Each structure stands twice: as C-alpha cells, then as structure tokens.
Amino acid sequence: MNHRIDTKNMDDRPSGKVIVVGGGIGGIQCAMDLADTGFFVYLLDRSPTLGGIMAALDKTFPTNDCSTCIFSPKLVQVAANPNIEIITLSRLLDLKGEPGRFTARIQKSPRYINMEKCIACGQCAQKCPKKVPDPFNGKLGVRKAAFLTFPQAVPLKYALDAEHCLYLTRKRCGLCKDICPTGAIEFDQKPETLTLDAGAVILSTGLEPALTPQEGEFGYGRYRNVVTSLQYERMLSATGPFAGHLQRPSDNKPPKAVAWIQCVMSRDAARNRPFCSSVCCMYAAKQAVLTRSHQPDTETTIYFMDIRAHGKEFDNYIDRARHQHGVTFRRSMISQVYLNPENENLIIETFDHHQNRKIEEEYDLVVLSSGFKPAHDSSDLVQRLGIVSNPFGFITADFDEPVSTSRPGVFVCGGMEAPKDIPETVIQGSAAAAEASALIETARHAETVSLKIVAEKPVEDQPRVGVFVCHCGSNIAGVIRIPEVMEQVQKMDQVTFARDFMFTCSAETQQPLIDLIQEHRLNRVVVAACSPKTHEPLFRDTLQKAGLNPYLFEMVNIRNQCSWVHGSGPDKATLKAIQLIRGGVSRAVRLEILHDFTHPVVHEALVIGGGISGMAAALTLADQGFCVHLVEKDDRLGGFARNLFETLEGDSPQKLVRQMEEKVLRHPKITVHFGSRLIAHQGHVGAFEGTLKTLEGNHGISYGAVIVATGGQAYEPREHLYSSDERILSQVELTRRIKQDPNWAKSLQQLVMIQCIGSRNPDFSFCSRVCCSAAVKNSILLKELNPDVQVIILYRDLRTFGFKELYYAKARKMGVLFFRFIPEQEPRVHKDPAHKLLVDFYHQSTYKNLRVEPDLVILSTGIRPHVESEQVARLLKLPRTQEGFFMEAHVKLQPVEFASPGIYLAGLAHSPRFISESVAMAKGAAQQAVKILCQETMTTPATVAQVNPEICAACLVCVRFCPFEAPFINADGVSEIQPAKCRGCGICVSGCPRRAITLKHSTEDQINAEIDGILKSIF
Amino acid sequence: MIAMAKIFDEADEILLLNQDTEDKAREIIGDRGNHFLKRIEGETAANISACYQCHRCTNACPVSHYMDVKPHQVIRYIQFGWREKLLKSSTIWVCLSCEMCTTFCPNEVQVAETIIHLRNMAAHSSVAPREKQVALFHQAFLESLQYFGRVNEFWLMVALHLKPIVLKEKIQTGTLTEEMALGFRLFRKGKLKLIPRRCKAMGEIRKLYRQERGEMD
Amino acid sequence: MKLAFYPGCSLEGMANDYSQSITAVFRNLDIELVEIEDWSCCGATAAHSLSELMAVTLPARNLAQAEKMGMDIVSPCANCYNRLRASQIMIQKRIFDVPWKITGKIEVHDMTRFLADPDMLERIMTRVRKPLEGLKVVCYYGCQMVRPPRITGYTDYENPQTLDRIVAAVGAKALDWSYKTTCCGASIGIGRRDIQESLTARLLDKARQANAEAVVTSCPLCQANLDILQRNETESTIPVFYFTELLRLAFEPGRASRKWFRMHITDPVPLLRIKELLR
C-alpha cells in the first residue's frame, strides 16, 4: 500500500485526489468533471461494475433514447480516462482528517477473478454449472455464478458470485479455474483494506426501489405477473431476460393489457414514505409508450392521482402518450390487486362513477411504480461518516449549497440527496465536482497524469496495411466465422498482415498490437471490431504509442453492423463482415497523415445574467481562480429572486441574493458590467471575442467560455380580472404583502388560489414547476398567522415533488382545502352586483358545482423565459424551445451544455426551476467551463473542412449552411473555414456547388475507395 | 380502440358535470367555519384533514355503490361542515366496518371509524336514519343484550320482528315467510336455541345502559 | 397449558358446531380452555354502531373477568376478538374509563393465530392420524380478524397465513386466493339482505374460480352467512367448514362427529365421502 501519505512531510497543499463513492450516472459525471479539470479520482462502486440504475434502464424519457446507447460511451470514457481509477466491489469504511486532507479506508471485496488477467472471453460463465437468479434483471432471468453484470460493463471483467459459486460455498466444482485461458480465476482472494488520501469526498450512492417482496403490497412477490417498474424496464430491454420481446413472467405470452399503479411506496404516510419519488409518473408514461410501440394492440392504463410532469417538456410527453400513443390515464388509486386463478391475470377493482357500480378490470400484467429509497448500504455509510440525513435516509442539502453535507469537504449528488431524474442527477454531479474543485483548487494538476507523446516515425510511401479482427468474446465470433474472414482478409492484395484477437480492445492486447505494427512496419491499421464511437480513441492512442499518426487508422464495425443485426444469419453476417473489411482496407490505403490544431486558451469567462444562477456561476469560476466578466442588463444583481421572500422550506432568497451580491462585488476576479449587454460575439471555444455595450460605451472583451444565465420573468396574467381588481393578486405579490404587513394577512378570512395561470395551456405548454409549492408555501404562511383563515387551492395536478410533498401534507393538515379542476372546466372568477368576489368551480370529487366568496383571489402565475434571452440566442446562435427556453445539447446527459462548444447554460434560462436547482445548475455549468479554462492550450481535431481558394466562387452557400459559423469570406475574397469552429459535419462540402470544399479524413477519394472496396466483392 | 380504453379520461369528466349537476344550484362552501371538522377530528382522532382525495377508500369499499355519499366524499363533506347531509345519508348505515378504507388509506385517515362515529352521532340525533331496518336491528340487538347480558339469535329476531316498522315491511315484501322458513330449518338443524343463557351480572350491564342514556354521570 | 376462553354469543347458538369442535380439538391438543366466568356479550357491531361508550365498555367487563383469572384470553370469533382488542387498546390509551379494574397485563389471542404459532403447528401435526390429503380448500379470514391492522396486529393483512398454515398442517391443500379478507356482508344481512347476498355470492364465485372444494373459516358469522346463502340452484354448492372441524377430522377420523356436519345447511358429507375422509 503506497497510498498512505506521510504526515510529517506533508506540505500545506491539499491533496489533488478526490474519492467519488458510487459509479452511477451521478458519480460518473462527477468523476469525469473532476478528472477533466485537473484532479485524480478514485471512483468507488460496491458492485462489480459501474452503471447504477441508468445501466438497467431500457429507454429514457422524454426522447425515448436508448439508455445504453447514450450511457455506454460515457462508461467507456470513464474507463479510458487515465485520471480515474475505478475501484469496484468496494465501500468506504471511514474518513479521517479534514477537508483537503482526508484519509479514507476502503474495503475491497474479492472478485475472485484477477482483473489484470481477465480478457472477458466469457468461457467461465459459459461453463459455470451454477445458475443464479439475475439481480440485474430483477431476478426474472438467470445468470451464472461466474458473470458479467451486463455486456457493456465497466470494467469489462468477469466476477464470481461468492454467495452461489459452488467452489466458494462448498469447495466443489472449480471448472472455471480449469478452463480459464489466462489463469485469471483466484479462489483464494481475500478482502483487503486500502488506505487512500483525498482532498474531498463525494457521495453518489444512488437509489434503489423501496418496494421489496416482504412488503407484499399489491401482490408483489405473491402473484407472478406483478412486477416492479425496474423489473419491467428490464423486460422491455433488448438485453433483458426476454431479449426485448415483451412477455409476462407466468406464461411467456405477450400481455394484451398492462396496468401501472403509481405512488407505490411513495406519498404514503401510512408506510412512513410520505414523500414523492419525483420520477415515477414520467417513467410509467414512458414504459406505457414503449409498450404500445412494442405491441400496438396492448392496452396500457396508468392508475395515478397527480401526474407529476414538472420537468422540461414533460407535459408534452404526457400529452403525446395520451393522444398519440393511446395510453390511458386513470385518476384513481388502487388498494389491492386480485388474482384470476384461471389465467393468472390480475384484477383491479375500481368504483365507476359513471355507472355507480364497482367494476373489475383484468390485466395480463401489473407494473408497480415503486418509489425509491437510498441504496441499501448508504444509511450505514452516512452514519460512519457522521453526516446528518433526513428521517428517510437522504442527505438533503441547504438551498444555497445544494450539494454540501453537514461535514465539510464531503459532498453529495444525485439520488442520495433526494429522488431525482437523470438530468438533475448529472447537474448535481457536476455541481459536486465544482465544490470539490474549488476546495482543492491549489492542487489542480498536482496528481494528474498526461499521456507521453511518442514522436511519430516517418512513413514509407508504400501503404502497408495491417488488419486486426476481433472476436469480441462470442459477440462477434459467435455468429461470424472468423477463420473464413481471416482467410479472405489474407487474400486481399493490399493487406500486408492480418491477425485475429479474442478482445482486440483489452489492455493486454495493446502491447502486442504495438509490437506487430513495428515488426511488420505497418503504416495503415484496420481494426474490424465494434463501434468507432466507443473504441476509436483507444486504438488511435495505441497507434500513437507505436509512433504512427493516429489518423492512419480505420475501424470497421462488424459487431453492431454484422453479428448483432444479422445474429440469425451467420452466412450473410460473415459475408457482410468480409465486404465491410474490404471497404475499410481500400479506404485505409488512401488515409493521410493529419495533425490536430492547437491554440491557446483565454483563461477568462463571460457570464450573461446577474441573477442567482449567474452569480453562482461567476463565484464558482472565480473561486477557482478564473477571471469572470459578469454582464447584467440592470443596475443591480439578483434578477428574479429579488422578488422572492421565502421558499417553501423557509429559506430567504433575498438574504441569499444579498450574500451573493456582496461576494460577487468584492471578488477580485469578478468584473460586473452593470446596465450592459453583449452585442457582438465571435471566435471559438477557448478564444472568444465579444463586445459589451455598457453605460460608458462599447468595449471589447475576450473569454474562453460563456455561461448563459439570462433567467426568467413572471407571466403577466390577463386571466381572472387580474388587471381590473385589486383583490386579485399573484403569489409573489401575496408573499410580499404577508411579509410586509402581517396584520393585513391576519385580517383575511378566505382566499382562493388558482393554479396553472399561464402554464400548461395551448399558448404555453410548460409546467412552471414552482407554482404548486408557492401556493402551498403561502397557504402555510397564512395559516400560521391566522389558523382560522380558509385557504382554498384550485389545482390541476398538485406537483409538490420530492420532499416538498411533506409541505403539501402539512398544508392539508392545517386545514387548507385542495380542489382539482380540469382545463375544460376552469374556475370562474366574477363579481356580484355588490362587487363581492365570487369563484365558481366544479368539484371533481363530489360532482358538485361549488361557489366560494373569498376576500382575495391569488393567481399562481407561471415562469417565462426572460425577454432578453431572444437577443442572446440570436447573437450566440443558440437554439430555443417553442416557449423560448434555451435548448441544451442533450436533455439527459448534457443538461448544462450547448451543442456549440464553450457555451453553457444555467438557471431559468433552461427551464422553470427552484433556487437550489438553479444554484446546482450554475455550479455544474461553471465546472464545464473550467474544463476549458484550466487548459493552457486546446486541441481541436484535424477532421475539418478546407476550402480550395482556387475553385471557390465566394457564393456564400457554405457561410449560410454552416450551423457553427465556421466559414467566412477572407481578405482574398474567398471562403475560409476556421478549423477551431469547424465540427467536421460536412454540410458545407455537400452544399458547395463548385466542390471547392474537402472534409479531411472523409475525402471524396477515400469515400469512393471505401464504396468500391465494399462493392468489389459483390460484383 | 383507443377511445374505448379511455373510460375515465379527464375530458370525460365533463360529461359527468353536464349530466349530473348542470341544473342544480351552486352550493356555497366555506361559510360554515370548521367547527364540524374540528369536532369530528377531536372525537375520533381520525386525521380527516390529511386526505388528498385519491379515491383509494371508495375503490376498496365493497359497498360503495350502495352508498349515496361515497367514502372519499364523506371526508370532503366533513371538511365542508355538511353535518346534516352526512347524518341523513345511507352511507353511515350501509358501511360494513370491514375496514378496507382505513387499512389502505395512505394518509391514515380512519375512514371507517369516522363513518361509524357519524352513525353514532346520527343515533343520538333527531335525524331519522336513512336505513331504518339496519338501525332497528342494531337497536334490537342492544335491547336484547340488555335483557340477558348475552345475545340469543332467536330472541333477537323475535325482538326485531316485534318492531312494527320491521314487521310491516317484512309482510309487505313477503320476506317474513321466507325468514320463518329459514328459522325453522335452522331450529331443526339444532342451530337455534330457544332458551337464552343469562349473564349473572346484569346489574353492572344495566348500569352501563343508564350511563349511556345519560341517566347517570 | 390453560387459557381463558371467551366463546361469544354465537357459539351458544348458531355456531354450536364450532363450539363443540373447539372443545374436542383443544382436548386433543391437551390445552385446557377455561370459560371466562359469567362472560357477557362484547356488544358486537350494534354497540360499535350506536354507542362508542358501550363498544368499549361491554368487552371490557370480560377483559376484567379474565384478568381476575390471570389467564390470556383466546377468542374463536373474529368479531369478538376485534371488539376485545379494540376495547383493550382504547382503555390502555385512557380514552375511556371503565368501571372495572383493567391493567392490560393479559393478552387477547385470536384462536387461529394462537394455533398457527410454530410450536402449536408442530403439536397439531403430531396429533394427525389421517391427513386430509386431496382436500383442496380456500381459507377465508373475513374482515374483523385482520383489519384494521393497528387493532388486530396482523402485519400480513393483505395475505394472512394463519388458517392456511393450520389447514396445511393437517394435510389439506390450502389454495392461494385473493379474497381471503374480502367482506362477506354478514353484518348487514338483517337490514339489507340484497347487499349481503351480492357480496356472499361473489365470494362463493371466487372460491369456485380458485378450484376450491370447500371454504375454511374461523368466523361464526361468516360461516353461517356463506353456508346458508347457497341456494342458487345452478351453481354447485361448496361446503363451509370451521377449521376446528377439519382438525378434528384429521385427529380422530373414526370419531369425527357427523353431528356437526349435519348442522351445516350446505351438506359437506358428500364431498368428504368422495375424498374418502368419511365413511
């Protein structure tokens, strides 16, 4: 163990290492953000692989992206990052020391398979005689006691299940040890304790379903066709127990009717689960949509009480589920599920209000939308580390420090903080990275390693092509006949050398590859394996180590494109593989040496918007030593939050604004430009230049990254007499008046609050996320001042997600009355002849037309994007939604990034959100900017478009076509493409009428050669 | 097919409005304060306010279709202070105390206990019970108990049928002969005992009855 | 072993057969049941309906009597058990004062849970002389024994197991079905026959659907209700046993008292003959 630090020799500098506990999407995001900003990360996971819950998901809402497809590249990047050490099967035992200088003890359980030796050939699992219900598949399928959790597992190493392995339990069998080709099986491995030093610790231990078979709710564990939502996720998945063919457990028949029951182990005070799990409504809708697309004849019904679609564009998704996909939503909650013993169908009993009778409906399958709890060992962990958690085991943070824990230097992110969806988890992962990064800023780059660059050797004129064909265990070799492929490849006249490998990508294979390249003086390399998206960087790296230019590499995907899609036709798959390889070889011959571009980075950032998000982003950057230009159109900071007096949880936004304002104004690294706006912007990531229009006139600034935090504004209602009667107020106005004049508030007798004003309607489809909580907050404030005041809240869906649900319950218990209405039957506010206010509405629960005669009517007005955001969008060429919120690069995994590099997004400019969420987002966005700013130079790939000035006619087609503003007309009057801005998409190439543009590495010559090569074998 | 599946979709709820209540007068709420709610909560500790109208109780109730005010509506009516509507309802007499509603309530609202409490209130009020037969049966049971300290099925039925309303209705509906036939059959099977067994401590029990009637403190 | 036995009013009348089979079975099990001296009615649904005071006080007198005896109470009737427990809890919480001294020292057992204890099940198994092999039954618990859980103490109220375990211990096959605790409507039978009949008919349908040859119960009111209301000529009848009748049948095959079976309205004898459990 050489990890222990000698305290006597330790200088004042903190450790540049960080421990991230939990390898789900939150932990991975956090680890990558730290590793890319100059820190070394130990990424711990208690299971044999990284991945967490996201690895088990089939698709993700609201885009229905394949979870594995968007996630596995991240997994690969983590595995390939030299500054992240993955420690699987491990748990954090304890933590000593202080922030910046922690010493952690880690317990590492044995894998019983030597990670260095395992090549993941899968023979151990194939031969292992012991079948085990597969926990990854919700125990619906089986795996062996020697196993790989899922095909894309990282690290891609097998493990033995100590609980079930025959040798480990009964000293029998040992077959795997006999057959393992590399002798990787080590039955005598013992648990070890590692001691690691770290400057900060981040807890991202995640969630697990709260429903266990012991609960016995709704027949779970009793009836075979009752499954949890996570099990159903696996049932839908192509890699799941039923290989993506939707069928039910009892008889493997496709279900004709599926029901979802919401709020299982959520919003259930009787089971001490009074909070909302935040994500179940959306995943149930997604699962129903996917079910309908798997089997359009299957009826899908969701039993729910409030649809909590409070995220960005979620309501649109629900509408599509309902109207486009024909998912039925039933606002009715279920107590028990009954079994039809004749067919194992399940019966749900409801009371039919139309017919005034009880009805029984049969479903082939019932999915229980189980809420979540902190993953099983986290309560111990929290205790061992001495961290305060809430009564339900979550480490809920303060609103101004949304990822901090009660222990300095220890941060939290993701589901461990509160149940949340993937983008919010990613945001918190980045925010936690930002906190750690700021804490140990002085140790940046102290512990990180950078790759040694091997000098490129000169290349012979004559192409010498080497082809390496991968078995990918049985992934490729199980379908494609490799010997036949090899025979054909050897015959190709341009091929100098060919060889096949079990796992071409394994760490052990890279040195042999280097040796072979050098031995055979290869100067073009073709790897026929899997996807270049995941593995090209690895092989390019290997080429570089062999002294070869990395662009002399070509990858042919014979796994995804041959063995996977033609799994049932080995002949055709083999033939196609040969053809694709021939194409690859043909193209490889024509590959050219290319060199990436490097340019210096401006270590300053521009933050647009001086609200809470802008200030938080600026402070996060400045605290890490980067200069910030903070541009604010007003003459003071604070933005939207200046109007807010109190949060639902009792915090003061005004106080926060004052504190942040003071910090920002005093910070030597921050220059605040009041009354100003950005009017020009050019350049590229790492080196932008802009012009600020300020009160003193225009002046130019340069910056390496931009954070857009233009914020939002309140909707100005036209509805319900708002502008014509002073007894109609908005929630914001009500809070202000309560705070300013408590006696006035005490004098109130009766109020009606109306939700969704200016939200969730055809003109503006977004849910404003915060208004339900605002109404609950104000009603509690009023009730606390005067318990006899009657508050009536008219709502459509009460969206107090997460722990905000506790306040909804509190308001009810204080006597606040909640009534639901539907948009087709809106409440009506009017006045009688005596000017008395009247509110008429229809009550869904009692089927009665009701009337209230309140003193005041309060409108819960929604949040709109700030009007200024339009100008910023145009200037920076950033996309926005129909409603005017900025559109991030990827809704799930890149919530704070734009597609344009170097520009990031935070706060209300992205979508309506709470202050704590905005602060987290700002910190996360800032940390993405740090990735740029902490580098001395930036490298952009050589694969860019280039204009031939001889042919260019300056027709401007490329200038207009380019989504990234890369081409411009230069001093010579012809088009020129700035390499740093070019993303290599090729749109200009195909648009140019004179064919004056060439895309490097995808030249016409190379593409034609590839096509010729493929077709040659056919004709 | 899609349209078929959407029985309870929100848009369909408008139909309910048009059919059921369009022409009815609007009822004003919020004009009665919360005394009734406070009283019921005080007397039963039933957590009424916690209800979020999820309809679990009504869906779970085996007899909700026999009730004029559904269990979830009972809770609402209490919040509105609609005492009379509740005491007049069939609901409070139809409830079987099977406790499905209470058991499955996520907010620990003791729905069944509340309904039974309303039944108690109705029994002590001047409101005529909506389900007379049910109310009379309970009365007859307690009367019978008062005489013997235990309840004998034969004498209970006799006592019940001696109540004029019961007898009249049973004769009218023709159930009297049917019930007598069953009674005879049970007797022959040895299931009915004609001579009741008495509890000796009748003094104590009758004292209780007097206390219940408010004849002593 | 000695227990204070609270038979309840039904066992003196309609549930005479239950009463006799309990006496026989407990004798087989060598457990002495001492009838609570001069017990009185628990008030049942009526007291519960009309007066909370009576609902708490009537059972309390019996609790006091048993405390004097210094023995735990065992109650064979679901409704009595429920009322005794409810009263005991209300008194412990000091919500009501009762005229008798009650310390809450003694426990109130429902008879099925008492007998489903692992040690008891073992004892039951040792007494079996003719296992009831081939008899497929569904166990029906009714509502009052298991709900509300805060009074009855049942944690598996969605799928209780006590009767199933007892029945399995004497060799019968207890089928799983979803309607173990669905109300049969007995308590409203006198006032609203229509409700009672519809609920009972549905339950019997569900039992048939589960392929049950008989229903086993421990509640006198449920038994009477399910047993009597089987007059639909088109449906096959389905005998309704008290669980103690089946125990006795397995314990003393030769001497199983036909007298009890003759008291059933739905005759169980043909079924038992087919199963060769009765000659």
# chains A, B, ... in the order shown; residues from 1 in each chain; ligands from 1
$ closest_atom_pairs --of "chain A" --to "chain B" --cutoff "6 Å" --atoms "only C-alpha atoms" --output "Markdown table"
| residue | atom | partner | partner_atom | distance |
| --- | --- | --- | --- | --- |
| A:Asp268 | CA | B:Pro106 | CA | 4.5 |
| A:Ala269 | CA | B:Asn107 | CA | 5.3 |
| A:Ala270 | CA | B:Pro106 | CA | 5.0 |
| A:Met305 | CA | B:Cys54 | CA | 5.8 |
| A:Gly326 | CA | B:Ile2 | CA | 5.4 |
| A:Thr328 | CA | B:Lys6 | CA | 5.4 |
| A:Arg330 | CA | B:Phe8 | CA | 5.7 |
| A:Ser332 | CA | B:His55 | CA | 5.8 |
| A:Met333 | CA | B:Arg56 | CA | 4.9 |
| A:Ile334 | CA | B:Arg56 | CA | 5.4 |
| A:Ser335 | CA | B:Phe104 | CA | 5.8 |
| A:Thr350 | CA | B:Asn59 | CA | 4.5 |
| A:Phe351 | CA | B:Asn59 | CA | 4.9 |
| A:Asn356 | CA | B:His65 | CA | 5.6 |
| A:Arg357 | CA | B:His65 | CA | 5.0 |
| A:Arg812 | CA | B:Ala50 | CA | 5.5 |
| A:Lys813 | CA | B:Ser49 | CA | 4.9 |
| A:Gly815 | CA | B:Ser49 | CA | 6.0 |
| A:Thr846 | CA | B:Gln73 | CA | 5.8 |
| A:Asn849 | CA | B:Arg26 | CA | 5.0 |
| A:Leu850 | CA | B:Glu27 | CA | 4.8 |
| A:Arg851 | CA | B:Ile28 | CA | 4.6 |
| A:Val852 | CA | B:Ile29 | CA | 5.8 |
$ select_by_dssp --residues "segment 2-202 of chain B" --states "alpha helix (DSSP H)" --output "compact mmCIF listing (two decimals) with C-alpha atoms, in the first residue's frame"
# COMPACT_ATOMS: atom_id res chain seq x y z
CA ILE B 2 -58.07 3.86 -28.05
CA ALA B 3 -61.27 5.71 -27.36
CA MET B 4 -62.73 2.59 -25.80
CA ALA B 5 -59.88 2.31 -23.37
CA GLU B 13 -65.40 14.04 -16.60
CA ILE B 14 -67.12 16.98 -18.26
CA LEU B 15 -69.88 14.61 -19.21
CA LEU B 16 -70.45 13.95 -15.56
CA LEU B 17 -70.82 17.62 -14.93
CA ASN B 18 -73.32 18.13 -17.68
CA GLN B 19 -75.38 15.14 -16.73
CA ASP B 20 -75.43 15.41 -13.02
CA HIS B 35 -66.37 23.51 13.76
CA PHE B 36 -67.81 20.27 12.50
CA LEU B 37 -64.44 19.15 11.15
CA LYS B 38 -62.76 20.09 14.44
CA ARG B 39 -65.42 18.25 16.41
CA ILE B 40 -65.13 15.04 14.40
CA GLU B 41 -61.34 15.17 14.46
CA GLY B 42 -61.42 15.80 18.18
CA GLU B 43 -63.79 12.97 18.92
CA THR B 44 -62.24 10.36 16.65
CA ARG B 56 -58.49 4.51 -2.61
CA CYS B 57 -61.21 4.20 0.04
CA THR B 58 -64.08 4.30 -2.41
CA ASN B 59 -62.34 1.87 -4.75
CA ALA B 60 -61.61 -0.51 -1.89
CA PRO B 71 -66.34 7.28 1.42
CA HIS B 72 -63.97 9.88 -0.08
CA GLN B 73 -66.89 12.29 -0.28
CA VAL B 74 -67.70 11.70 3.39
CA ILE B 75 -64.31 13.16 4.21
CA ARG B 76 -64.96 16.14 1.94
CA TYR B 77 -68.41 16.74 3.41
CA ILE B 78 -66.93 16.87 6.88
CA GLN B 79 -64.44 19.47 5.66
CA PHE B 80 -67.35 21.46 4.24
CA ARG B 83 -73.32 17.62 9.01
CA GLU B 84 -76.90 17.11 8.05
CA LYS B 85 -76.20 15.70 4.63
CA LEU B 86 -74.00 13.14 6.32
CA LEU B 87 -76.35 12.18 9.11
CA THR B 91 -73.66 5.65 3.74
CA ILE B 92 -73.39 5.74 7.50
CA TRP B 93 -75.78 2.78 7.83
CA VAL B 94 -74.60 0.78 4.83
CA MET B 100 -60.75 -1.77 3.91
CA CYS B 101 -60.79 2.03 3.61
CA THR B 102 -58.92 2.63 6.83
CA THR B 103 -56.43 -0.13 6.22
CA PHE B 104 -55.39 1.11 2.79
CA VAL B 111 -62.44 6.46 7.27
CA ALA B 112 -64.43 3.56 8.70
CA GLU B 113 -64.11 4.85 12.24
CA THR B 114 -65.29 8.24 11.02
CA ILE B 115 -68.31 6.76 9.30
CA ILE B 116 -69.17 4.73 12.38
CA HIS B 117 -68.76 7.82 14.50
CA LEU B 118 -71.23 9.61 12.23
CA ARG B 119 -73.55 6.64 12.72
CA ASN B 120 -73.19 7.10 16.49
CA MET B 121 -73.96 10.79 16.06
CA ALA B 122 -76.99 10.02 13.95
CA ALA B 123 -78.25 7.55 16.51
CA LYS B 132 -84.29 2.17 9.13
CA GLN B 133 -84.04 -1.60 9.08
CA VAL B 134 -80.33 -1.54 9.75
CA ALA B 135 -80.71 0.94 12.56
CA LEU B 136 -83.55 -1.03 14.13
CA PHE B 137 -81.54 -4.20 14.01
CA HIS B 138 -78.72 -2.60 15.96
CA GLN B 139 -81.24 -1.25 18.44
CA ALA B 140 -82.91 -4.61 18.85
CA PHE B 141 -79.51 -6.19 19.40
CA LEU B 142 -78.64 -3.83 22.21
CA GLU B 143 -82.08 -4.20 23.74
CA SER B 144 -81.76 -7.94 23.65
CA LEU B 145 -78.34 -7.68 25.23
CA GLN B 146 -79.82 -5.55 27.93
CA TYR B 147 -82.19 -8.33 28.98
CA PHE B 148 -79.82 -11.27 29.06
CA GLU B 153 -80.31 -15.23 17.99
CA PHE B 154 -83.86 -16.48 18.36
CA TRP B 155 -84.92 -13.83 20.84
CA LEU B 156 -83.08 -11.18 18.88
CA MET B 157 -85.11 -12.00 15.80
CA VAL B 158 -88.28 -12.07 17.83
CA ALA B 159 -87.48 -8.67 19.34
CA LEU B 160 -86.70 -7.28 15.91
CA HIS B 161 -89.87 -8.53 14.37
CA PRO B 164 -93.94 -2.53 13.94
CA ILE B 165 -91.99 -1.00 11.05
CA VAL B 166 -89.96 -4.14 10.56
CA LEU B 167 -92.90 -6.44 10.71
CA LYS B 168 -94.94 -4.32 8.34
CA GLU B 169 -92.20 -4.17 5.77
CA LYS B 170 -91.44 -7.87 6.03
CA ILE B 171 -95.05 -8.74 5.46
CA GLN B 172 -95.27 -6.36 2.53
CA THR B 173 -92.17 -7.68 0.82
CA THR B 175 -89.72 -11.89 3.29
CA LEU B 176 -91.40 -12.79 6.55
CA THR B 177 -92.48 -16.24 5.46
CA GLU B 178 -89.13 -16.82 3.86
CA GLU B 179 -87.35 -15.91 7.07
CA MET B 180 -89.64 -18.01 9.18
CA ALA B 181 -88.92 -20.99 6.97
CA LEU B 182 -85.20 -20.46 7.35
CA GLY B 183 -85.63 -20.06 11.08
CA PHE B 184 -87.47 -23.33 11.28
CA ARG B 185 -84.78 -25.06 9.24
CA LEU B 186 -82.07 -23.72 11.49
CA PHE B 187 -84.01 -24.83 14.52
CA ARG B 188 -84.27 -28.32 13.13
CA LYS B 189 -80.54 -28.33 12.46
CA MET B 202 -76.98 -7.95 34.76
$ closest_atom_pairs --of "chain A" --to "chain C" --cutoff "9 Å" --atoms "only C-alpha atoms" --output "tab-separated table"
residue	atom	partner	partner_atom	distance
A:Glu215	CA	C:Asp156	CA	8.5
A:Gly216	CA	C:Glu158	CA	7.4
A:Glu217	CA	C:Glu158	CA	7.5
A:Phe218	CA	C:Glu158	CA	8.2
A:Gly219	CA	C:Glu158	CA	8.1
A:Arg222	CA	C:Asn159	CA	8.8
A:Gln336	CA	C:Glu158	CA	7.9
A:Val337	CA	C:Ser178	CA	8.0
A:Tyr338	CA	C:Ser178	CA	5.1
A:Leu339	CA	C:Ser178	CA	5.8
A:Asn340	CA	C:Gln209	CA	7.8
A:Pro341	CA	C:Ala210	CA	5.5
A:Glu342	CA	C:Gln209	CA	7.0
$ residues_around --residues "Tyr154 of chain C" --least-positions-apart "2" --cutoff "12 Å" --atoms "only C-alpha atoms" --output "list in words"
Thr103 of chain B; Asn82, His109, Asp110, Thr112, Arg113, Tyr141, Cys143, Gln144, Met145, Val146, Arg147, Pro148, Pro149, Arg150, Ile151, Thr152, Asp156, Tyr157, Glu158, Asn159, Pro160, Gln161, Thr162 and Thr181 of chain C
$ select_by_dssp --residues "segment 43-263 of chain C" --states "strand (DSSP E or B)" --output "list in words"
Ile73, Val74, Ser75, Val108, His109, Asp110, Lys136, Val137, Val138, Cys139, Tyr140, Lys173, Ala174, Leu175, Ala214, Val215, Val216, Thr217, Val240, Phe241 and Tyr242 of chain C
$ closest_atom_pairs --of "chain C" --to "chain B" --cutoff "6 Å" --atoms "only C-alpha atoms" --output "tab-separated table"
residue	atom	partner	partner_atom	distance
C:Cys9	CA	B:Val151	CA	5.7
C:Gly13	CA	B:Leu192	CA	5.4
C:Met14	CA	B:Lys191	CA	4.4
C:Asp38	CA	B:Cys199	CA	5.7
C:Ser40	CA	B:Gly149	CA	5.3
C:Cys41	CA	B:Arg150	CA	4.6
C:Ala46	CA	B:His138	CA	4.4
C:Ser49	CA	B:Ile116	CA	5.9
C:Leu50	CA	B:Asn120	CA	4.6
C:Ser51	CA	B:Asn120	CA	5.6
C:Cys143	CA	B:Cys98	CA	5.3
C:Arg147	CA	B:Glu99	CA	5.9
C:Pro148	CA	B:Thr103	CA	5.6
C:Gly191	CA	B:Val134	CA	4.1
C:Met263	CA	B:Lys189	CA	4.9
$ residues_around --residues "segment 70-76 of chain C" --least-positions-apart "2" --cutoff "7 Å" --atoms "only C-alpha atoms" --output "list in words"
Leu3, Ala4, Phe5, Tyr6, Pro7, Ala66, Glu67, Lys68, Ala78, Cys80, Tyr81, Ile106, Glu107, Val108, His109, Asp110, Met111 and Ser218 of chain C
$ write_last_selection --atoms "C-alpha atoms" --output "PDB file, in the first residue's frame"
ATOM      1  CA  LEU C   3     -56.332 -20.277  28.609  1.00  0.00           C
ATOM      2  CA  ALA C   4     -59.323 -18.137  29.390  1.00  0.00           C
ATOM      3  CA  PHE C   5     -61.898 -18.974  26.786  1.00  0.00           C
ATOM      4  CA  TYR C   6     -64.291 -16.321  25.580  1.00  0.00           C
ATOM      5  CA  PRO C   7     -66.799 -18.189  23.404  1.00  0.00           C
ATOM      6  CA  ALA C  66     -60.139 -12.813  32.561  1.00  0.00           C
ATOM      7  CA  GLU C  67     -57.622 -10.686  34.412  1.00  0.00           C
ATOM      8  CA  LYS C  68     -59.110 -11.932  37.629  1.00  0.00           C
ATOM      9  CA  ALA C  78     -63.390 -12.727  14.686  1.00  0.00           C
ATOM     10  CA  CYS C  80     -65.391 -10.723  19.477  1.00  0.00           C
ATOM     11  CA  TYR C  81     -61.607 -10.731  19.033  1.00  0.00           C
ATOM     12  CA  ILE C 106     -53.141 -10.283  29.735  1.00  0.00           C
ATOM     13  CA  GLU C 107     -53.081 -10.882  26.029  1.00  0.00           C
ATOM     14  CA  VAL C 108     -56.057 -11.425  23.785  1.00  0.00           C
ATOM     15  CA  HIS C 109     -55.364 -14.069  21.152  1.00  0.00           C
ATOM     16  CA  ASP C 110     -57.388 -14.853  18.153  1.00  0.00           C
ATOM     17  CA  MET C 111     -57.673 -18.604  18.077  1.00  0.00           C
ATOM     18  CA  SER C 218     -62.917 -19.290  11.797  1.00  0.00           C
TER      19      SER C 218
END
